[in-house]
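Asker: structure_15.tsv is reproduced below (TSV, C-alpha atoms).
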```tsv
chain	number	residue	atom	x	y	z
A	1	MET	CA	91.15	171.43	225.35
A	2	ARG	CA	90.04	173.08	222.14
A	3	THR	CA	93.43	174.79	221.85
A	4	VAL	CA	95.24	171.46	222.15
A	5	VAL	CA	93.06	169.89	219.46
A	6	GLN	CA	93.63	172.85	217.17
A	7	ALA	CA	97.38	172.59	217.71
A	8	VAL	CA	97.35	168.90	216.92
A	9	LEU	CA	95.36	169.55	213.74
A	10	VAL	CA	97.76	172.29	212.68
A	11	VAL	CA	100.73	169.99	213.20
A	12	ALA	CA	99.02	167.18	211.29
A	13	VAL	CA	98.18	169.49	208.39
A	14	ALA	CA	101.71	170.83	208.36
A	15	GLU	CA	103.17	167.29	208.31
A	16	ALA	CA	100.80	166.28	205.51
A	17	ALA	CA	101.75	169.38	203.53
A	18	LEU	CA	105.44	168.66	204.10
A	19	CYS	CA	105.04	165.04	202.98
A	20	LEU	CA	103.16	166.19	199.88
A	21	LEU	CA	105.86	168.74	199.15
A	22	VAL	CA	108.62	166.13	199.53
A	23	LEU	CA	106.68	163.70	197.32
A	24	CYS	CA	106.20	166.31	194.62
A	25	ALA	CA	109.85	167.35	194.78
A	26	THR	CA	110.97	163.71	194.58
A	27	ARG	CA	108.76	163.10	191.59
A	28	VAL	CA	110.03	166.21	189.84
A	29	VAL	CA	113.64	165.20	190.45
A	30	ARG	CA	112.98	161.63	189.31
A	31	ASN	CA	111.16	162.75	186.16
A	32	ARG	CA	113.97	165.18	185.36
A	33	ARG	CA	116.55	162.44	185.87
A	34	GLU	CA	114.59	160.02	183.67
A	35	ARG	CA	114.29	162.63	180.92
A	36	SER	CA	118.01	163.25	181.16
A	37	VAL	CA	118.75	159.52	180.90
A	38	ARG	CA	116.43	159.14	177.91
A	39	HIS	CA	118.01	162.14	176.21
A	40	THR	CA	121.50	160.82	176.83
A	41	ALA	CA	120.57	157.33	175.66
A	42	LYS	CA	118.98	158.72	172.50
A	43	ALA	CA	122.12	160.70	171.73
A	44	VAL	CA	124.37	157.63	171.78
A	45	ARG	CA	121.94	154.87	170.76
A	46	HIS	CA	123.09	155.12	167.16
A	47	LEU	CA	126.45	153.74	168.32
A	48	VAL	CA	124.72	150.59	169.58
A	49	VAL	CA	122.85	150.15	166.30
A	50	GLU	CA	126.01	150.69	164.24
A	51	THR	CA	127.97	148.26	166.42
A	52	ALA	CA	125.33	145.54	166.19
A	53	GLY	CA	124.88	146.09	162.46
A	54	GLY	CA	128.58	146.09	161.69
A	55	GLU	CA	128.11	149.40	159.91
A	56	SER	CA	131.02	151.21	161.55
A	57	PRO	CA	134.15	149.61	163.04
A	58	SER	CA	134.67	152.70	165.17
A	59	ALA	CA	131.20	152.56	166.80
A	60	GLY	CA	132.15	149.72	169.16
A	61	ALA	CA	135.33	151.52	170.14
A	62	ALA	CA	133.31	154.68	170.85
A	63	LEU	CA	130.88	152.72	173.04
A	64	ALA	CA	133.75	151.18	174.97
A	65	VAL	CA	135.09	154.61	175.99
A	66	LEU	CA	131.82	156.42	176.69
A	67	ASP	CA	131.73	158.46	179.87
A	68	ARG	CA	130.12	156.76	182.84
A	69	ARG	CA	126.87	158.72	182.65
A	70	SER	CA	126.31	158.00	178.97
A	71	TRP	CA	127.18	154.34	179.40
A	72	ARG	CA	124.73	153.88	182.26
A	73	ALA	CA	122.03	155.34	180.02
A	74	VAL	CA	122.73	153.03	177.08
A	75	GLU	CA	123.82	149.82	178.86
A	76	PRO	CA	120.24	148.44	179.19
A	77	THR	CA	119.84	148.72	175.41
A	78	VAL	CA	123.06	146.77	174.85
A	79	THR	CA	122.04	143.95	177.20
A	80	ARG	CA	118.54	143.74	175.70
A	81	LEU	CA	119.99	143.42	172.21
A	82	LEU	CA	122.25	140.57	173.30
A	83	ASN	CA	119.14	138.42	173.72
A	84	ARG	CA	117.99	139.17	170.17
A	85	VAL	CA	121.08	139.11	167.95
A	86	LYS	CA	123.45	136.35	166.88
A	87	GLY	CA	126.75	135.82	165.18
A	88	GLY	CA	128.93	138.84	164.47
A	89	SER	CA	126.44	141.28	166.02
A	90	HIS	CA	126.47	139.34	169.29
A	91	ARG	CA	130.27	139.15	169.31
A	92	ALA	CA	130.59	142.88	168.68
A	93	LEU	CA	128.30	143.83	171.57
A	94	THR	CA	129.95	141.30	173.88
A	95	GLU	CA	133.36	142.78	173.02
A	96	VAL	CA	132.07	146.19	174.14
A	97	LEU	CA	131.05	144.70	177.50
A	98	VAL	CA	134.43	143.00	177.83
A	99	ARG	CA	136.32	146.20	177.08
A	100	ARG	CA	134.26	148.14	179.61
A	101	GLY	CA	134.98	145.53	182.29
A	102	VAL	CA	131.31	144.51	182.64
A	103	VAL	CA	132.03	140.83	182.02
A	104	ASP	CA	134.95	140.74	184.46
A	105	ALA	CA	132.78	142.46	187.08
A	106	ALA	CA	130.11	139.78	186.57
A	107	LEU	CA	132.71	137.03	187.03
A	108	ALA	CA	133.76	138.65	190.30
A	109	ASP	CA	130.18	139.20	191.48
A	110	ALA	CA	129.31	135.55	190.83
A	111	ALA	CA	131.60	134.62	193.71
A	112	ARG	CA	130.24	137.20	196.17
A	113	PRO	CA	128.01	136.13	199.08
A	114	ARG	CA	124.82	138.01	198.16
A	115	SER	CA	122.39	135.91	196.11
A	116	LEU	CA	121.02	138.88	194.17
A	117	ARG	CA	124.45	139.89	192.89
A	118	ARG	CA	125.18	136.29	191.94
A	119	ALA	CA	121.92	135.97	190.06
A	120	ARG	CA	122.55	139.23	188.18
A	121	ALA	CA	126.07	138.09	187.34
A	122	ALA	CA	124.82	134.75	186.05
A	123	THR	CA	122.22	136.55	183.91
A	124	LEU	CA	124.93	138.67	182.29
A	125	LEU	CA	127.05	135.59	181.66
A	126	ALA	CA	124.00	133.92	180.10
A	127	LEU	CA	123.47	136.88	177.75
A	128	THR	CA	127.12	136.95	176.66
A	129	GLY	CA	127.54	133.16	176.71
A	130	PRO	CA	127.36	132.45	172.94
A	131	SER	CA	130.35	134.75	172.38
A	132	LEU	CA	132.24	133.96	175.59
A	133	ARG	CA	132.16	130.29	174.55
A	134	THR	CA	135.19	130.86	172.33
A	135	ASP	CA	137.00	133.30	174.65
A	136	PRO	CA	140.15	131.42	175.75
A	137	GLU	CA	140.36	133.30	179.04
A	138	ARG	CA	136.87	134.28	180.15
A	139	GLY	CA	135.03	131.30	178.70
A	140	PRO	CA	136.63	128.67	180.99
A	141	GLU	CA	136.40	131.04	183.96
A	142	ALA	CA	132.71	131.67	183.34
A	143	ARG	CA	132.04	127.92	183.15
A	144	ARG	CA	133.97	127.30	186.36
A	145	VAL	CA	132.03	130.00	188.22
A	146	LEU	CA	128.68	128.81	186.91
A	147	HIS	CA	129.44	125.18	187.80
A	148	THR	CA	129.81	126.23	191.44
A	149	LEU	CA	126.48	128.07	191.31
A	150	LEU	CA	124.57	124.91	190.34
A	151	GLY	CA	124.56	123.93	194.01
A	152	HIS	CA	123.67	127.37	195.40
A	153	ARG	CA	120.98	127.53	198.07
A	154	SER	CA	118.94	130.03	196.04
A	155	VAL	CA	116.74	128.43	193.38
A	156	THR	CA	116.93	131.67	191.34
A	157	VAL	CA	120.71	131.50	191.25
A	158	ARG	CA	120.67	127.80	190.31
A	159	GLU	CA	118.16	128.33	187.51
A	160	THR	CA	120.05	131.31	186.13
A	161	ALA	CA	123.28	129.30	186.19
A	162	VAL	CA	121.57	126.49	184.25
A	163	ARG	CA	120.42	128.94	181.55
A	164	ALA	CA	123.90	130.45	181.34
A	165	LEU	CA	125.60	127.06	181.00
A	166	GLY	CA	123.24	126.19	178.17
A	167	ARG	CA	124.60	129.18	176.28
A	168	LEU	CA	128.21	128.54	177.28
A	169	GLY	CA	127.82	124.78	176.95
A	170	ASP	CA	130.37	122.04	176.64
A	171	SER	CA	130.42	118.33	177.46
A	172	ALA	CA	131.47	118.89	181.08
A	173	SER	CA	128.56	121.27	181.58
A	174	ALA	CA	126.17	118.70	180.11
A	175	ARG	CA	127.18	116.10	182.70
A	176	LEU	CA	126.81	118.59	185.55
A	177	LEU	CA	123.43	119.79	184.28
A	178	LEU	CA	122.15	116.22	184.24
A	179	GLY	CA	123.43	115.86	187.78
A	180	THR	CA	121.20	118.71	188.97
A	181	LEU	CA	118.10	116.59	188.27
A	182	ASP	CA	118.68	114.34	191.27
A	183	ALA	CA	120.84	116.68	193.38
A	184	PRO	CA	119.83	117.65	196.95
A	185	ARG	CA	118.86	121.04	195.48
A	186	PRO	CA	117.37	120.08	192.10
A	187	VAL	CA	116.44	122.25	189.13
A	188	ALA	CA	113.27	121.84	187.08
A	189	PRO	CA	113.75	119.18	184.36
A	190	GLY	CA	112.29	121.44	181.66
A	191	LEU	CA	114.88	124.12	182.36
A	192	VAL	CA	117.71	121.58	182.32
A	193	GLY	CA	116.34	120.12	179.09
A	194	ASP	CA	116.30	123.53	177.40
A	195	ALA	CA	119.92	124.10	178.42
A	196	LEU	CA	121.01	120.69	177.12
A	197	ILE	CA	119.30	121.31	173.78
A	198	ARG	CA	121.21	124.59	173.52
A	199	ILE	CA	124.45	122.71	174.19
A	200	GLY	CA	123.52	120.39	171.34
A	201	PRO	CA	126.00	117.82	169.96
A	202	ALA	CA	128.53	118.52	172.73
A	203	GLY	CA	126.07	116.98	175.17
A	204	VAL	CA	125.37	113.78	173.22
A	205	GLU	CA	127.95	111.70	175.10
A	206	ALA	CA	126.56	112.68	178.51
A	207	LEU	CA	122.98	112.09	177.39
A	208	THR	CA	123.88	108.73	175.89
A	209	ALA	CA	125.33	107.65	179.23
A	210	ALA	CA	122.25	108.98	181.04
A	211	ALA	CA	119.95	106.98	178.77
A	212	GLY	CA	121.26	103.81	180.39
A	213	GLY	CA	121.18	104.82	184.05
A	214	GLY	CA	119.07	106.46	186.76
A	215	ASP	CA	115.35	106.14	187.30
A	216	GLU	CA	112.93	105.77	184.39
A	217	GLN	CA	111.99	109.47	184.22
A	218	TYR	CA	115.68	110.37	184.09
A	219	ARG	CA	116.28	107.85	181.28
A	220	ALA	CA	113.19	108.98	179.39
A	221	LEU	CA	114.29	112.62	179.54
A	222	ALA	CA	117.75	111.69	178.26
A	223	VAL	CA	116.43	109.80	175.23
A	224	GLU	CA	113.87	112.51	174.47
A	225	LEU	CA	116.62	115.14	174.45
A	226	LEU	CA	118.77	112.98	172.17
A	227	GLY	CA	115.89	112.97	169.72
A	228	LEU	CA	115.50	116.74	169.91
A	229	ILE	CA	119.24	117.28	169.31
A	230	LYS	CA	118.99	114.94	166.26
A	231	ASP	CA	122.57	113.72	166.30
A	232	ARG	CA	123.05	110.41	164.44
A	233	ARG	CA	125.69	109.32	166.97
A	234	ALA	CA	122.82	108.67	169.38
A	235	VAL	CA	121.15	106.03	167.17
A	236	PRO	CA	122.90	102.98	168.74
A	237	ALA	CA	122.02	104.10	172.28
A	238	LEU	CA	118.44	104.89	171.30
A	239	SER	CA	118.08	101.54	169.56
A	240	ALA	CA	119.31	99.86	172.74
A	241	ALA	CA	116.79	101.89	174.75
A	242	LEU	CA	113.99	100.17	172.78
A	243	ASP	CA	114.66	97.21	175.11
A	244	ASP	CA	114.46	99.30	178.29
A	245	PRO	CA	112.24	97.73	180.99
A	246	ALA	CA	110.13	100.91	181.27
A	247	PRO	CA	107.47	101.52	178.57
A	248	MET	CA	107.94	105.28	179.07
A	249	VAL	CA	111.58	105.01	178.04
A	250	ARG	CA	110.89	102.67	175.11
A	251	ALA	CA	108.22	105.02	173.73
A	252	ALA	CA	110.54	108.03	174.11
A	253	ALA	CA	113.36	106.14	172.36
A	254	ALA	CA	111.09	105.24	169.42
A	255	ALA	CA	109.93	108.85	169.07
A	256	ALA	CA	113.55	110.04	169.22
A	257	LEU	CA	114.60	107.67	166.44
A	258	GLY	CA	111.74	108.99	164.32
A	259	ARG	CA	112.93	112.57	164.81
A	260	ILE	CA	116.48	111.69	163.84
A	261	GLY	CA	115.22	109.86	160.75
A	262	GLU	CA	118.11	107.43	160.39
A	263	PRO	CA	117.27	104.43	158.12
A	264	ALA	CA	119.66	102.24	160.12
A	265	ALA	CA	117.07	102.26	162.94
A	266	VAL	CA	114.33	100.66	160.79
A	267	ALA	CA	115.20	97.11	161.79
A	268	ALA	CA	115.19	97.86	165.52
A	269	LEU	CA	111.92	99.79	165.26
A	270	GLY	CA	110.38	96.98	163.24
A	271	GLY	CA	111.26	94.53	165.98
A	272	THR	CA	109.59	96.81	168.52
A	273	VAL	CA	106.44	97.09	166.42
A	274	ARG	CA	106.20	93.31	166.13
A	275	GLY	CA	107.17	92.31	169.65
A	276	ASP	CA	106.58	95.03	172.24
A	277	PRO	CA	103.72	94.27	174.66
A	278	SER	CA	102.80	97.95	175.12
A	279	GLY	CA	100.37	99.45	172.62
A	280	ARG	CA	101.78	102.90	173.40
A	281	VAL	CA	105.29	101.79	172.49
A	282	VAL	CA	104.14	100.00	169.32
A	283	ALA	CA	102.29	103.14	168.20
A	284	ALA	CA	105.36	105.30	168.85
A	285	ALA	CA	107.57	102.92	166.86
A	286	ALA	CA	105.07	102.77	163.98
A	287	GLU	CA	104.94	106.54	163.83
A	288	ALA	CA	108.75	106.67	163.83
A	289	LEU	CA	108.89	104.30	160.87
A	290	GLY	CA	106.58	106.64	158.99
A	291	LEU	CA	108.79	109.62	159.78
A	292	ILE	CA	111.91	107.80	158.59
A	293	GLY	CA	110.10	107.01	155.33
A	294	ASP	CA	111.94	103.82	154.39
A	295	GLU	CA	109.80	101.51	152.20
A	296	ASN	CA	111.38	98.50	153.92
A	297	ALA	CA	109.02	99.25	156.80
A	298	VAL	CA	105.89	98.59	154.69
A	299	PRO	CA	105.51	94.87	155.61
A	300	VAL	CA	105.72	95.41	159.37
A	301	LEU	CA	103.33	98.37	159.26
A	302	GLU	CA	100.87	96.43	157.09
A	303	GLU	CA	101.05	93.57	159.58
A	304	THR	CA	100.32	95.98	162.45
A	305	LEU	CA	97.40	97.49	160.53
A	306	ARG	CA	95.83	94.09	159.97
A	307	HIS	CA	96.38	93.10	163.61
A	308	GLY	CA	93.47	95.38	164.50
A	309	VAL	CA	94.47	96.85	167.90
A	310	TYR	CA	93.13	100.39	167.62
A	311	ARG	CA	95.98	102.73	168.47
A	312	PRO	CA	98.83	100.78	166.81
A	313	ALA	CA	96.66	100.04	163.74
A	314	HIS	CA	95.51	103.65	163.40
A	315	THR	CA	99.11	104.89	163.69
A	316	ALA	CA	100.38	102.28	161.24
A	317	ALA	CA	97.81	103.38	158.64
A	318	ARG	CA	98.92	107.01	158.95
A	319	ALA	CA	102.58	105.95	158.78
A	320	LEU	CA	102.00	104.01	155.56
A	321	LEU	CA	100.93	107.27	153.91
A	322	ARG	CA	104.53	108.46	154.25
A	323	LEU	CA	106.06	105.44	152.53
A	324	GLY	CA	105.36	106.31	148.93
A	325	ARG	CA	103.61	104.08	146.41
A	326	ALA	CA	104.33	100.88	148.31
A	327	GLY	CA	102.59	102.30	151.39
A	328	ARG	CA	99.58	103.54	149.37
A	329	THR	CA	99.26	100.16	147.70
A	330	ALA	CA	99.23	98.41	151.09
A	331	LEU	CA	96.55	100.82	152.32
A	332	ALA	CA	94.42	100.31	149.20
A	333	ASP	CA	94.55	96.54	149.67
A	334	ALA	CA	93.67	96.84	153.36
A	335	ALA	CA	90.81	99.27	152.60
A	336	ARG	CA	89.00	96.52	150.72
A	337	GLY	CA	89.23	94.18	153.70
A	338	PRO	CA	87.03	93.85	156.78
A	339	ASP	CA	86.84	96.38	159.57
A	340	PRO	CA	88.50	97.60	161.76
A	341	CYS	CA	91.56	97.18	159.50
A	342	GLY	CA	89.68	98.44	156.46
A	343	ALA	CA	88.25	101.40	158.37
A	344	HIS	CA	91.73	102.57	159.44
A	345	ALA	CA	93.01	102.26	155.86
A	346	ARG	CA	90.04	104.11	154.35
A	347	GLU	CA	90.35	106.90	156.90
A	348	ALA	CA	94.06	107.32	156.12
A	349	LEU	CA	93.43	107.41	152.37
A	350	SER	CA	90.59	109.87	152.82
A	351	ARG	CA	92.83	112.09	154.92
A	352	ALA	CA	95.51	111.97	152.22
A	353	ALA	CA	92.99	113.04	149.58
A	354	GLY	CA	91.48	115.78	151.73
A	355	GLU	CA	94.79	117.29	152.82
A	356	GLY	CA	96.60	116.85	149.52
A	357	ILE	CA	99.31	114.60	150.95
A	358	PRO	CA	101.54	113.77	147.93
A	359	ASP	CA	102.06	110.23	146.70
A	360	ARG	CA	105.84	110.12	146.66
```
Produce structure tokens that represent the structure in this file.

Answerer:
Amino acid sequence: MRTVVQAVLVVAVAEAALCLLVLCATRVVRNRRERSVRHTAKAVRHLVVETAGGESPSAGAALAVLDRRSWRAVEPTVTRLLNRVKGGSHRALTEVLVRRGVVDAALADAARPRSLRRARAATLLALTGPSLRTDPERGPEARRVLHTLLGHRSVTVRETAVRALGRLGDSASARLLLGTLDAPRPVAPGLVGDALIRIGPAGVEALTAAAGGGDEQYRALAVELLGLIKDRRAVPALSAALDDPAPMVRAAAAAALGRIGEPAAVAALGGTVRGDPSGRVVAAAAEALGLIGDENAVPVLEETLRHGVYRPAHTAARALLRLGRAGRTALADAARGPDPCGAHAREALSRAAGEGIPDR
């Protein structure tokens, strides 16, 4: 019995020693490989810097023809830089990836069945998107591939496709991105919103249409994004949204008009301040009038201040500070009156004095 136990112990010790030996050997090989990769990357990293900096026209060409081992060592640096550079630097690095066939491989992988490969492909297309946007061949192909991925069963693939389309954006992509909000497999509204802001003016038409349809959260998101894009073409649609049945949408439309700062919206916002039943909406419209800074808004803001309802009156007093001498004069007159109107006016004037807000 003792002999059997001893034999078992010997075998166990031998197996443990073998496992330890294999582990040590694996670690040594891995560390040696990592040192080799770092050394190789360091040797050619100057080519990446020169390509991104536009310092040497031949650097990009040299990167494009690097041997496979050297390229594998430096490729992570190239892709990381794509997320940090713009303009000519981004185009130069993207051209290297195109010449090496990396972009074409990503376009092919985006159609393969495995979700991980599709997600990686979409990530690469997102990184190169700002430069592929103007590529007459790969740009349309990338958009087509990414459009199909918006309905993929994997949420990671869908989200990565949304980010990529934001960088590659056009009006057709904007419509499809909005469609993902109420699709059977939706994408988070915040992510879609970020992509639509990246698309910018090309998405105004789709957002304008969305501001008049769908549920109230959908409409509110559309008008909020129009305000963040700040395109004056959206002013008529946003002014119309001030009559939306949902207070959430009306408040978002007022805030959006304030961000755009178009004086043509003063009349519509003034009507909202005077007639909207929601204090939240009135406050949003009053704040927008202050942001626009048109002195024609002084009478309606003064009227709101004297009305006395706390939130609209408080906001109107702060908005009057932005309307130059006419606004300050209205506040000074109100400050001598009874509270709560006078209190709001005095607080606004005190704030202006304490923070050094200029009297324009």

Asker: Of the residues A:Cys341, A:Val249, A:Leu125, A:Ala268, which is the one nearest to Ala211 in chain A, using all atoms listed in the file?

Answerer: A:Val249

Asker: Kindly give the distance, in Å, that separates CA of Ala183 in chain A and CA of Gly151 in chain A, rounded to a single decimal.

Answerer: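 Taking CA of Ala183 in chain A as the start and CA of Gly151 in chain A as the end point, the length is 8.2 Å.
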
Asker: When you count only C-alpha atoms, which of these residues is closest to Asp333 in chain A: A:Arg143, A:Arg219, A:Arg306, A:Arg259?

Answerer: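 Closest candidate: A:Arg306.
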
Asker: Restricting the calculation to all atoms listed in the file, which member of A:Asp215, A:Glu262, A:Asp339, A:Glu224 is positioned closest to Ile197 in chain A?

Answerer: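 Looking only at the distances to Ile197 in chain A, the closest residue turns out to be A:Glu224.
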
Asker: Would you list the contacts of Arg167 in chain A as an mmCIF file with C-alpha atoms, keeping the file's coordinate frame, taking every protein, DNA or RNA residue within 9 Å and counting only C-alpha atoms, but skipping same-chain residues closer than 2 positions in sequence?

Answerer:
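Written out: around-v4.cif:
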```cif
data_model
loop_
_atom_site.group_PDB
_atom_site.id
_atom_site.type_symbol
_atom_site.label_atom_id
_atom_site.label_comp_id
_atom_site.auth_asym_id
_atom_site.auth_seq_id
_atom_site.Cartn_x
_atom_site.Cartn_y
_atom_site.Cartn_z
ATOM 1 C CA LEU A 125 127.050 135.590 181.660
ATOM 2 C CA ALA A 126 124.000 133.920 180.100
ATOM 3 C CA LEU A 127 123.470 136.880 177.750
ATOM 4 C CA THR A 128 127.120 136.950 176.660
ATOM 5 C CA GLY A 129 127.540 133.160 176.710
ATOM 6 C CA PRO A 130 127.360 132.450 172.940
ATOM 7 C CA SER A 131 130.350 134.750 172.380
ATOM 8 C CA ARG A 133 132.160 130.290 174.550
ATOM 9 C CA VAL A 162 121.570 126.490 184.250
ATOM 10 C CA ARG A 163 120.420 128.940 181.550
ATOM 11 C CA ALA A 164 123.900 130.450 181.340
ATOM 12 C CA LEU A 165 125.600 127.060 181.000
ATOM 13 C CA GLY A 169 127.820 124.780 176.950
ATOM 14 C CA ALA A 195 119.920 124.100 178.420
ATOM 15 C CA ARG A 198 121.210 124.590 173.520
ATOM 16 C CA ILE A 199 124.450 122.710 174.190
#
```

Asker: For range 200-202 of chain A, please output as a list in words all residues within 12 Å (counting all atoms listed in the file; exclusion window: fewer than 5 positions along the same chain).

Answerer: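 So the residues in contact are Leu165, Gly166, Arg167, Leu168, Gly169, Asp170, Ser171, Ala172, Ser173, Ala174, Arg175, Gly193, Asp194, Ala195, Leu207, Thr208, Leu225, Leu226, Gly227, Leu228, Ile229, Lys230, Asp231, Arg232, Arg233 and Ala234 of chain A.
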